[in-house]
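final.txt (compact mmCIF, C-alpha atoms)
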```txt
# COMPACT_ATOMS: atom_id res chain seq x y z
CA MET A 1 159.10 -74.39 136.55
CA THR A 2 159.07 -72.39 139.79
CA ALA A 3 160.78 -74.09 142.69
CA PRO A 4 158.26 -75.47 145.18
CA MET A 5 157.84 -73.76 148.51
CA ARG A 6 158.09 -76.23 151.37
CA PRO A 7 155.81 -75.89 154.38
CA GLY A 8 158.75 -75.79 156.75
CA LYS A 9 159.83 -72.46 155.27
CA ILE A 10 156.89 -70.61 156.86
CA SER A 11 156.54 -70.14 160.59
CA GLU A 12 153.65 -68.60 162.52
CA THR A 13 154.15 -66.11 165.36
CA GLN A 14 152.07 -63.37 166.91
CA ASP A 15 152.30 -60.03 165.12
CA THR A 16 151.60 -56.50 166.28
CA THR A 17 149.47 -55.93 163.19
CA ALA A 18 146.48 -57.29 165.11
CA LYS A 19 146.87 -54.56 167.75
CA TYR A 20 147.14 -51.94 165.06
CA ALA A 21 143.95 -53.19 163.43
CA ARG A 22 141.87 -52.75 166.58
CA ARG A 23 141.67 -49.02 166.00
CA TYR A 24 139.75 -49.68 162.80
CA TYR A 25 137.23 -52.13 164.17
CA MET A 26 136.38 -51.41 167.80
CA ILE A 27 132.97 -49.94 166.93
CA LYS A 28 132.33 -51.85 163.69
CA ARG A 29 130.83 -55.16 164.76
CA ASN A 30 127.30 -55.05 163.39
CA LEU A 31 127.30 -57.76 160.74
CA GLU A 32 123.89 -59.35 160.24
CA ARG A 33 123.68 -62.85 161.68
CA PHE A 34 121.47 -65.45 160.13
CA ALA A 35 119.73 -68.02 162.33
CA ILE A 36 120.54 -71.59 161.36
CA LEU A 37 117.38 -73.39 160.29
CA PHE A 38 117.42 -77.11 159.57
CA VAL A 39 114.50 -77.60 157.21
CA MET A 40 113.53 -79.94 154.43
CA LEU A 41 114.93 -79.25 150.96
CA ALA A 42 112.81 -76.55 149.34
CA VAL A 43 113.13 -74.69 146.09
CA ALA A 44 111.62 -71.22 145.83
CA GLY A 45 111.24 -69.57 142.44
CA ILE A 46 112.49 -66.02 142.99
CA ALA A 47 113.45 -63.53 140.29
CA ALA A 48 116.81 -61.82 140.75
CA HIS A 49 115.19 -58.40 140.79
CA ALA A 50 112.31 -59.38 143.07
CA GLY A 51 114.11 -58.14 146.17
CA GLU A 52 113.83 -54.53 147.23
CA PRO A 53 117.11 -52.58 147.15
CA VAL A 54 118.50 -52.32 150.67
CA ALA A 55 121.15 -49.73 149.79
CA LYS A 56 122.57 -47.94 146.76
CA GLN A 57 125.96 -46.51 145.87
CA GLY A 58 126.43 -44.92 142.46
CA ASN A 59 125.35 -47.51 139.90
CA GLY A 60 125.60 -50.30 142.48
CA TRP A 61 123.01 -51.62 144.88
CA ARG A 62 122.35 -54.50 147.28
CA GLU A 63 119.16 -56.42 147.79
CA ASP A 64 117.82 -59.39 149.70
CA VAL A 65 116.38 -62.25 147.62
CA ASP A 66 114.62 -64.68 149.95
CA GLY A 67 117.34 -64.37 152.57
CA ILE A 68 120.27 -64.29 150.13
CA ARG A 69 122.40 -61.15 149.88
CA VAL A 70 122.77 -60.05 146.24
CA VAL A 71 125.06 -57.13 145.38
CA HIS A 72 125.08 -55.48 141.93
CA LEU A 73 128.25 -53.65 140.86
CA SER A 74 129.24 -51.94 137.62
CA GLY A 75 131.71 -49.56 136.03
CA SER A 76 135.48 -49.16 136.17
CA PRO A 77 137.63 -51.28 138.50
CA HIS A 78 137.66 -48.48 141.08
CA ASP A 79 133.90 -47.95 140.70
CA ILE A 80 133.22 -51.65 141.25
CA GLY A 81 135.52 -51.75 144.26
CA PHE A 82 134.16 -48.56 145.84
CA GLN A 83 130.56 -49.72 145.39
CA HIS A 84 131.51 -53.09 146.90
CA GLY A 85 133.25 -51.51 149.89
CA THR A 86 130.51 -48.98 150.56
CA LEU A 87 127.54 -51.35 150.19
CA LEU A 88 129.16 -54.05 152.32
CA LYS A 89 131.05 -51.83 154.77
CA PRO A 90 129.61 -53.38 157.99
CA GLU A 91 130.25 -56.92 156.77
CA ILE A 92 133.79 -56.17 155.60
CA ASN A 93 134.70 -54.49 158.88
CA PHE A 94 133.23 -57.35 160.87
CA LEU A 95 135.07 -60.05 158.93
CA LEU A 96 138.43 -58.29 158.97
CA ASN A 97 138.07 -57.61 162.68
CA TYR A 98 137.19 -61.24 163.27
CA PHE A 99 140.16 -62.67 161.40
CA ILE A 100 142.80 -60.03 162.16
CA VAL A 101 141.93 -58.96 165.69
CA GLU A 102 139.93 -61.74 167.31
CA GLU A 103 141.56 -64.76 165.66
CA SER A 104 144.90 -63.16 164.66
CA LYS A 105 144.91 -65.46 161.64
CA PHE A 106 143.14 -66.32 158.42
CA PHE A 107 142.44 -69.97 159.17
CA GLY A 108 145.90 -71.61 159.09
CA ALA A 109 147.82 -68.43 158.21
CA GLY A 110 148.67 -65.99 161.00
CA VAL A 111 148.64 -62.24 160.37
CA ASP A 112 152.44 -62.25 160.38
CA VAL A 113 152.43 -64.98 157.74
CA MET A 114 150.00 -62.96 155.61
CA GLN A 115 152.01 -59.78 156.08
CA ARG A 116 155.11 -61.56 154.83
CA ASN A 117 153.62 -63.45 151.90
CA ALA A 118 150.81 -61.26 150.54
CA PRO A 119 153.24 -58.77 148.92
CA ARG A 120 154.81 -61.63 146.96
CA LEU A 121 151.41 -62.65 145.63
CA GLU A 122 150.45 -59.02 144.95
CA LYS A 123 153.21 -58.77 142.31
CA PHE A 124 151.23 -61.23 140.17
CA ILE A 125 147.85 -59.50 140.47
CA PRO A 126 146.86 -57.42 137.41
CA ALA A 127 146.71 -53.66 137.92
CA ASP A 128 142.96 -53.44 137.38
CA MET A 129 142.31 -55.97 140.14
CA ILE A 130 144.60 -54.05 142.51
CA GLU A 131 142.66 -50.90 141.65
CA GLU A 132 139.42 -52.69 142.49
CA MET A 133 140.79 -53.90 145.83
CA LYS A 134 141.91 -50.37 146.65
CA GLY A 135 138.37 -49.22 145.85
CA ILE A 136 137.00 -51.83 148.27
CA ALA A 137 139.33 -50.57 151.00
CA GLU A 138 138.38 -46.95 150.34
CA GLY A 139 134.65 -47.67 150.35
CA ALA A 140 134.80 -49.77 153.52
CA GLY A 141 137.24 -47.48 155.33
CA VAL A 142 139.83 -50.20 155.97
CA PRO A 143 143.53 -50.52 155.12
CA TYR A 144 144.24 -51.79 151.61
CA GLU A 145 146.72 -54.25 153.08
CA HIS A 146 143.92 -56.01 154.94
CA VAL A 147 141.83 -56.33 151.79
CA LEU A 148 144.90 -57.79 150.07
CA TRP A 149 145.16 -60.40 152.82
CA ALA A 150 141.50 -61.34 152.37
CA ASN A 151 142.15 -62.00 148.68
CA THR A 152 145.38 -63.98 149.08
CA PHE A 153 145.05 -66.10 152.24
CA LEU A 154 143.72 -69.19 150.45
CA ASP A 155 146.95 -69.62 148.51
CA VAL A 156 149.06 -69.15 151.63
CA VAL A 157 146.95 -71.64 153.59
CA SER A 158 147.03 -74.18 150.75
CA ALA A 159 150.76 -73.79 150.14
CA ILE A 160 151.62 -74.57 153.76
CA TRP A 161 149.06 -77.40 154.04
CA SER A 162 147.25 -75.81 156.94
CA GLY A 163 143.80 -74.50 157.75
CA VAL A 164 140.85 -76.66 156.74
CA ALA A 165 140.57 -80.00 154.97
CA PRO A 166 139.49 -79.71 151.31
CA ASN A 167 136.15 -81.41 150.68
CA CYS A 168 134.73 -79.65 147.58
CA SER A 169 132.86 -81.39 144.75
CA ASN A 170 131.90 -80.40 141.20
CA PHE A 171 129.98 -82.19 138.47
CA ALA A 172 128.48 -81.14 135.16
CA VAL A 173 126.20 -83.00 132.79
CA MET A 174 126.26 -81.82 129.20
CA GLY A 175 122.93 -81.02 127.58
CA SER A 176 123.22 -84.09 125.37
CA HIS A 177 123.06 -86.28 128.51
CA SER A 178 120.91 -84.18 130.86
CA GLY A 179 117.16 -84.23 131.31
CA THR A 180 116.80 -80.62 130.21
CA GLY A 181 118.81 -80.43 126.99
CA HIS A 182 121.04 -77.89 128.76
CA ILE A 183 124.17 -78.15 130.89
CA VAL A 184 123.50 -78.78 134.59
CA HIS A 185 126.52 -77.83 136.74
CA GLY A 186 126.45 -78.75 140.44
CA ARG A 187 128.96 -77.55 142.98
CA ASN A 188 129.52 -77.86 146.75
CA LEU A 189 132.13 -75.61 148.35
CA ASP A 190 133.22 -77.35 151.55
CA TRP A 191 135.57 -75.11 153.43
CA THR A 192 134.67 -74.21 156.98
CA ALA A 193 131.83 -74.62 159.46
CA ASN A 194 132.52 -71.06 160.66
CA GLU A 195 129.08 -69.48 161.08
CA GLN A 196 130.43 -65.94 160.64
CA LEU A 197 131.70 -66.78 157.18
CA ALA A 198 128.49 -68.63 156.32
CA ALA A 199 126.44 -65.58 157.30
CA ALA A 200 128.61 -63.46 155.00
CA ASN A 201 127.94 -65.49 151.83
CA THR A 202 127.24 -62.99 149.05
CA VAL A 203 126.16 -63.20 145.42
CA PHE A 204 127.83 -60.54 143.25
CA VAL A 205 126.39 -59.52 139.87
CA ILE A 206 129.16 -57.54 138.17
CA THR A 207 129.03 -55.57 134.91
CA PRO A 208 132.53 -54.21 134.21
CA ASP A 209 133.29 -51.47 131.71
CA GLU A 210 135.78 -53.87 130.13
CA GLY A 211 135.04 -57.56 129.93
CA ILE A 212 132.08 -59.87 130.38
CA SER A 213 129.26 -59.52 132.90
CA PHE A 214 129.20 -62.34 135.43
CA VAL A 215 127.73 -63.75 138.63
CA SER A 216 130.20 -64.58 141.39
CA LEU A 217 129.70 -66.35 144.72
CA SER A 218 132.09 -64.81 147.20
CA TRP A 219 132.34 -62.83 150.45
CA PRO A 220 132.47 -59.16 151.45
CA GLY A 221 135.92 -57.70 150.83
CA MET A 222 136.91 -60.34 148.27
CA ALA A 223 137.30 -59.34 144.64
CA GLY A 224 138.15 -62.94 143.81
CA THR A 225 135.83 -65.93 143.59
CA LEU A 226 135.75 -69.72 143.54
CA THR A 227 132.38 -70.19 141.81
CA GLY A 228 130.42 -68.39 139.11
CA MET A 229 129.11 -68.06 135.57
CA ASN A 230 129.21 -65.31 132.95
CA ALA A 231 127.08 -63.82 130.17
CA GLN A 232 128.99 -65.92 127.62
CA GLN A 233 127.46 -69.07 129.20
CA ILE A 234 130.71 -70.08 130.88
CA SER A 235 130.35 -71.68 134.35
CA MET A 236 133.20 -72.47 136.74
CA GLY A 237 133.82 -74.18 140.08
CA GLU A 238 137.06 -74.84 142.01
CA MET A 239 138.34 -77.60 144.29
CA THR A 240 141.56 -77.48 146.29
CA SER A 241 143.86 -80.39 145.40
CA ILE A 242 146.90 -79.97 147.62
CA SER A 243 150.18 -80.51 145.81
CA ASP A 244 153.88 -80.70 146.65
CA GLU A 245 154.40 -78.06 143.95
CA ALA A 246 153.65 -74.76 145.67
CA THR A 247 154.97 -71.21 145.53
CA MET A 248 154.02 -67.70 146.62
CA ASP A 249 155.18 -66.34 143.26
CA GLY A 250 151.91 -66.67 141.39
CA THR A 251 148.46 -65.15 140.87
CA PRO A 252 146.15 -65.82 143.84
CA PHE A 253 143.70 -68.43 142.64
CA MET A 254 140.54 -66.55 143.67
CA ILE A 255 141.77 -63.66 141.51
CA HIS A 256 142.78 -66.13 138.80
CA LEU A 257 139.21 -67.44 138.58
CA ARG A 258 137.71 -63.96 138.72
CA ILE A 259 139.78 -63.08 135.65
CA LEU A 260 138.48 -66.22 133.93
CA LEU A 261 134.85 -65.21 134.51
CA GLN A 262 135.43 -61.65 133.33
CA GLN A 263 137.48 -62.49 130.24
CA ALA A 264 136.69 -65.98 128.93
CA HIS A 265 134.28 -66.18 125.97
CA THR A 266 135.16 -69.79 125.15
CA LEU A 267 136.58 -72.92 126.74
CA ASP A 268 139.90 -72.38 124.99
CA GLU A 269 140.12 -68.84 126.39
CA ALA A 270 139.28 -70.16 129.86
CA TYR A 271 141.99 -72.78 129.62
CA GLN A 272 144.50 -70.26 128.29
CA ILE A 273 143.90 -68.07 131.35
CA LEU A 274 144.42 -71.04 133.68
CA ASN A 275 147.51 -72.11 131.77
CA THR A 276 149.12 -68.71 131.18
CA LEU A 277 148.78 -66.90 134.51
CA PRO A 278 151.39 -68.15 137.01
CA ARG A 279 149.81 -70.58 139.47
CA THR A 280 150.49 -70.93 143.18
CA THR A 281 149.63 -74.48 144.23
CA GLY A 282 147.24 -77.39 143.73
CA TYR A 283 143.70 -76.88 142.45
CA ASN A 284 141.14 -78.60 140.25
CA ALA A 285 138.69 -76.52 138.23
CA LEU A 286 135.59 -77.58 136.29
CA VAL A 287 134.55 -75.26 133.45
CA THR A 288 131.61 -75.55 131.04
CA ASP A 289 130.41 -73.63 127.97
CA GLY A 290 126.69 -73.64 127.27
CA LYS A 291 127.21 -72.29 123.76
CA THR A 292 129.02 -75.45 122.65
CA ASP A 293 127.56 -77.93 125.18
CA ASP A 294 131.07 -78.81 126.25
CA GLY A 295 133.46 -78.42 129.14
CA PHE A 296 136.68 -79.55 130.76
CA VAL A 297 138.34 -80.24 134.07
CA ALA A 298 141.79 -78.77 134.71
CA GLU A 299 144.12 -80.33 137.26
CA MET A 300 146.76 -77.79 138.29
CA SER A 301 149.83 -77.32 140.44
CA ALA A 302 152.38 -74.50 140.46
CA GLY A 303 154.35 -76.16 137.68
CA HIS A 304 151.92 -78.36 135.75
CA ILE A 305 148.41 -78.38 134.27
CA PHE A 306 146.32 -81.12 132.68
CA ARG A 307 143.07 -80.70 130.71
CA LYS A 308 140.40 -83.37 130.28
CA GLY A 309 137.06 -83.18 128.45
CA PRO A 310 133.76 -84.92 129.28
CA GLU A 311 133.39 -88.69 129.43
CA ASN A 312 129.94 -89.97 128.45
CA GLY A 313 128.71 -86.40 128.54
CA MET A 314 129.82 -85.86 132.15
CA LEU A 315 132.53 -84.11 134.13
CA ILE A 316 133.20 -85.04 137.77
CA ARG A 317 135.95 -83.94 140.14
CA THR A 318 136.59 -83.74 143.86
CA ASN A 319 139.89 -83.00 145.64
CA HIS A 320 142.38 -85.41 144.09
CA TYR A 321 144.16 -85.63 140.78
CA HIS A 322 143.38 -88.32 138.20
CA HIS A 323 146.24 -87.79 135.76
CA PRO A 324 149.20 -90.05 136.69
CA GLY A 325 151.71 -87.24 136.28
CA MET A 326 149.70 -84.91 138.50
CA GLN A 327 149.19 -87.67 141.08
CA LYS A 328 152.96 -87.79 141.65
CA THR A 329 152.81 -84.30 143.17
CA GLN A 330 150.34 -85.54 145.82
CA LYS A 331 152.32 -88.52 147.08
CA LYS A 332 153.68 -86.73 150.15
CA VAL A 333 150.25 -85.29 150.93
CA HIS A 334 148.64 -88.71 150.72
CA ALA A 335 151.36 -90.15 152.91
CA LEU A 336 150.48 -87.55 155.54
CA LEU A 337 146.71 -87.86 155.26
CA GLY A 338 146.41 -91.61 154.73
CA LYS A 339 146.32 -94.14 151.94
CA GLU A 340 144.64 -92.89 148.79
CA LYS A 341 141.59 -95.14 148.79
CA THR A 342 140.73 -94.23 152.37
CA MET A 343 140.55 -90.51 151.59
CA GLU A 344 137.06 -89.03 151.45
CA SER A 345 137.73 -87.36 148.11
CA PHE A 346 137.72 -90.78 146.45
CA TYR A 347 134.46 -91.84 148.08
CA ARG A 348 132.74 -88.61 147.04
CA PHE A 349 133.96 -89.07 143.49
CA ASP A 350 132.68 -92.66 143.41
CA ARG A 351 129.28 -91.69 144.82
CA LEU A 352 128.83 -88.84 142.35
CA THR A 353 129.83 -91.15 139.51
CA GLU A 354 127.23 -93.68 140.64
CA LEU A 355 124.45 -91.10 140.95
CA LEU A 356 125.18 -89.46 137.60
CA THR A 357 125.66 -92.69 135.70
CA THR A 358 122.45 -94.30 136.96
CA ASN A 359 120.55 -91.12 136.07
CA ASP A 360 122.06 -90.61 132.61
CA GLY A 361 119.63 -88.63 130.49
CA LYS A 362 117.52 -87.58 133.49
CA VAL A 363 119.59 -85.01 135.39
CA ASN A 364 117.71 -81.76 135.98
CA PRO A 365 118.13 -79.08 138.67
CA GLU A 366 116.04 -80.99 141.20
CA LEU A 367 118.08 -84.17 140.81
CA ALA A 368 121.31 -82.16 140.89
CA MET A 369 120.27 -80.59 144.20
CA SER A 370 119.47 -84.03 145.62
CA PHE A 371 122.96 -85.22 144.59
CA LEU A 372 124.57 -82.23 146.30
CA SER A 373 122.49 -83.07 149.40
CA ASP A 374 123.34 -86.78 149.38
CA LYS A 375 124.36 -88.34 152.72
CA ILE A 376 125.06 -91.93 151.68
CA ASN A 377 128.43 -93.31 152.77
CA PRO A 378 129.56 -95.39 149.75
CA LYS A 379 131.70 -97.56 152.02
CA THR A 380 128.68 -98.77 154.02
CA GLY A 381 125.82 -98.02 151.63
CA GLU A 382 123.95 -96.35 154.50
CA ILE A 383 123.06 -92.80 155.47
CA SER A 384 125.89 -91.21 157.44
CA GLU A 385 124.66 -88.88 160.16
CA ASP A 386 128.22 -87.75 160.89
CA TYR A 387 128.93 -86.97 157.19
CA THR A 388 131.59 -89.68 156.81
CA ASN A 389 132.51 -90.03 153.11
CA THR A 390 129.37 -88.09 152.10
CA ILE A 391 129.00 -85.68 149.17
CA TYR A 392 128.08 -82.80 151.43
CA LYS A 393 129.76 -82.25 154.76
CA SER A 394 129.26 -80.41 158.02
CA ASN A 395 131.43 -77.64 156.53
CA THR A 396 129.57 -77.22 153.23
CA LEU A 397 129.60 -73.44 153.01
CA GLN A 398 127.97 -73.02 149.59
CA SER A 399 125.91 -75.35 147.41
CA VAL A 400 124.76 -74.31 143.96
CA VAL A 401 123.34 -75.66 140.72
CA MET A 402 124.26 -73.47 137.74
CA LEU A 403 122.45 -73.43 134.40
CA PRO A 404 124.80 -71.31 132.28
CA GLN A 405 122.63 -71.27 129.13
CA THR A 406 119.61 -69.79 130.89
CA GLN A 407 121.54 -67.75 133.49
CA GLU A 408 119.86 -69.47 136.43
CA MET A 409 121.20 -70.59 139.79
CA TYR A 410 119.74 -72.68 142.58
CA LEU A 411 121.55 -71.42 145.66
CA ALA A 412 121.92 -72.81 149.18
CA LEU A 413 123.92 -70.27 151.18
CA LYS A 414 121.89 -69.49 154.27
CA THR A 415 122.75 -72.20 156.81
CA MET A 416 125.48 -74.61 157.91
CA PRO A 417 125.63 -77.08 156.29
CA ALA A 418 124.33 -75.12 153.32
CA PRO A 419 122.11 -77.78 151.65
CA GLU A 420 120.10 -78.27 154.84
CA GLY A 421 118.67 -74.75 154.55
CA GLY A 422 117.12 -75.34 151.13
CA TYR A 423 117.83 -73.83 147.73
CA VAL A 424 116.63 -70.51 146.35
CA HIS A 425 116.09 -70.21 142.59
CA ILE A 426 117.36 -66.97 141.06
CA GLN A 427 116.94 -66.06 137.40
CA PHE A 428 119.67 -63.63 136.43
CA ASP A 429 119.59 -61.25 133.51
CA LEU A 430 123.27 -60.53 132.92
CA PRO A 431 123.61 -57.29 131.00
CA ALA A 432 126.16 -56.88 128.27
CA ALA A 433 129.32 -55.13 129.47
CA ALA A 434 130.61 -52.14 127.53
CA GLU A 435 132.93 -54.14 125.28
CA GLU A 436 130.22 -56.75 124.63
CA LYS A 437 127.86 -54.05 123.30
CA GLU A 438 130.31 -52.87 120.66
```
This entry written out as structure tokens:
Amino acid sequence: MTAPMRPGKISETQDTTAKYARRYYMIKRNLERFAILFVMLAVAGIAAHAGEPVAKQGNGWREDVDGIRVVHLSGSPHDIGFQHGTLLKPEINFLLNYFIVEESKFFGAGVDVMQRNAPRLEKFIPADMIEEMKGIAEGAGVPYEHVLWANTFLDVVSAIWSGVAPNCSNFAVMGSHSGTGHIVHGRNLDWTANEQLAAANTVFVITPDEGISFVSLSWPGMAGTLTGMNAQQISMGEMTSISDEATMDGTPFMIHLRILLQQAHTLDEAYQILNTLPRTTGYNALVTDGKTDDGFVAEMSAGHIFRKGPENGMLIRTNHYHHPGMQKTQKKVHALLGKEKTMESFYRFDRLTELLTTNDGKVNPELAMSFLSDKINPKTGEISEDYTNTIYKSNTLQSVVMLPQTQEMYLALKTMPAPEGGYVHIQFDLPAAAEEKE
């Protein structure tokens, strides 16, 4: 087991890298900004190819589907990266300028901290992913180092217990217990109320020369992901679960999950990827397989991993561990943040359990969206206008219902908090990648 990295080992000071970066971004500040609209929950049936292409690059193109940015990429790792960088050049330049120049940090990790730690993480990134990131940098006209930072900061922030509080939620109902006969996978990504990052939410549809085609929810400049599904009917969602066991000598988790989507045909393959690649710090992941109507949750730290299948046809996780052995690695975190049963992660888990259990056999996409949009505080039993203990928060950046068997998503990405802007229905048609055609 890799020795844990303690938060006291990393300090944060101002770095001259920010000054250097200004030369790249002084005239590149034209990212589209979405107006925040607080409207009633609405579901629009929109086909993935209904939007008109906004731009093309090689075999890649970007389109707008009812206000959601969808980017299609295909080919070799460099092709995918170059298409990504070229098609999202204004957004990538804006975001890197914002974090590196204006803020001089990626949330809780200063540019000097990233400069020091990203090379350690890079050693554990597969060569094809590095090639893709270099393609992104080339297409966007930015330094590769800055793209590397964008793909590794989450692990640095999590390892030093800084940045934003984790509030993510995932649930999945197997087809045997849903109202559709198919898996219904709901996921809220609660990360930051930063409107710039919310405006940059992007859906990637990627068809690699080698591997499985997949849909990924991510951001411009990021090859990694925290949410997605693939053509083999695998769906996946992540939740930070901060652990004492942390190291910079591991595969960045956004890259880790990208590899899972591109390579996993089965649940066992998905688990093997999570188990085999070196991990950095504490995360929970929920994975389903529509082919077998099954799934699992994985609780992970740098040194340990625990797998658990469905109970009563359901999988539910938030931001804390359930396995007693894994819980031991969170004792110091809980001591810092408060007693366990007063942490919001527990209330969200209890509320999701209540909603799913009382609707056993009924859960469909519409119910799943209502669960993700729930504002009941389980402690009081009343609606919480300030999002105390609620399933979705003021910093819900992405909200999605995934139907892996039918390749559908119901996406709320356009406002902050995301569910308050309504959900857009997209039917994907994931093409077979080269190796899948053989």
Which residues of segment 262-320 of chain A come within 12 Å of segment 342-361 of chain A, and what is each one's closest atom pair and distance in Å (one decimal), counting all atoms listed in the file, sorted by chain and residue number, as JSON lines?
```
{"residue": "A:Glu311", "atom": "CA", "partner": "A:Thr357", "partner_atom": "CA", "distance": 10.7}
{"residue": "A:Asn312", "atom": "CA", "partner": "A:Thr357", "partner_atom": "CA", "distance": 8.8}
{"residue": "A:Gly313", "atom": "CA", "partner": "A:Asp360", "partner_atom": "CA", "distance": 8.9}
{"residue": "A:Met314", "atom": "CA", "partner": "A:Leu356", "partner_atom": "CA", "distance": 8.0}
{"residue": "A:Leu315", "atom": "CA", "partner": "A:Thr353", "partner_atom": "CA", "distance": 9.3}
{"residue": "A:Ile316", "atom": "CA", "partner": "A:Phe349", "partner_atom": "CA", "distance": 7.0}
{"residue": "A:Arg317", "atom": "CA", "partner": "A:Phe349", "partner_atom": "CA", "distance": 6.4}
{"residue": "A:Thr318", "atom": "CA", "partner": "A:Ser345", "partner_atom": "CA", "distance": 5.7}
{"residue": "A:Asn319", "atom": "CA", "partner": "A:Ser345", "partner_atom": "CA", "distance": 5.5}
{"residue": "A:His320", "atom": "CA", "partner": "A:Ser345", "partner_atom": "CA", "distance": 6.4}
```
Q | Protein, DNA and RNA residues within 8 Å of (139.0, -54.7, 140.5), only C-alpha atoms, as a ChimeraX atom specification | A | /A:76-78,80-81,128-133,135,223
Enclose segment 279-291 of chain A, meaning all of its atoms listed in the file, in a box aligned along x, y and z, pad it by 6 Å on each side, and list the centre and edge lengths in Å to one decimal, as AutoDock Vina command-line options.
```
--center_x 138.6 --center_y -74.6 --center_z 134.0 --size_x 35.8 --size_y 20.0 --size_z 32.5
```
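Between Thr390 of chain A and the candidates A:Asp374, A:Asp294, A:Asp289, A:Glu238, the tightest atom-to-atom separation, counting all atoms listed in the file, involves A:Asp374.
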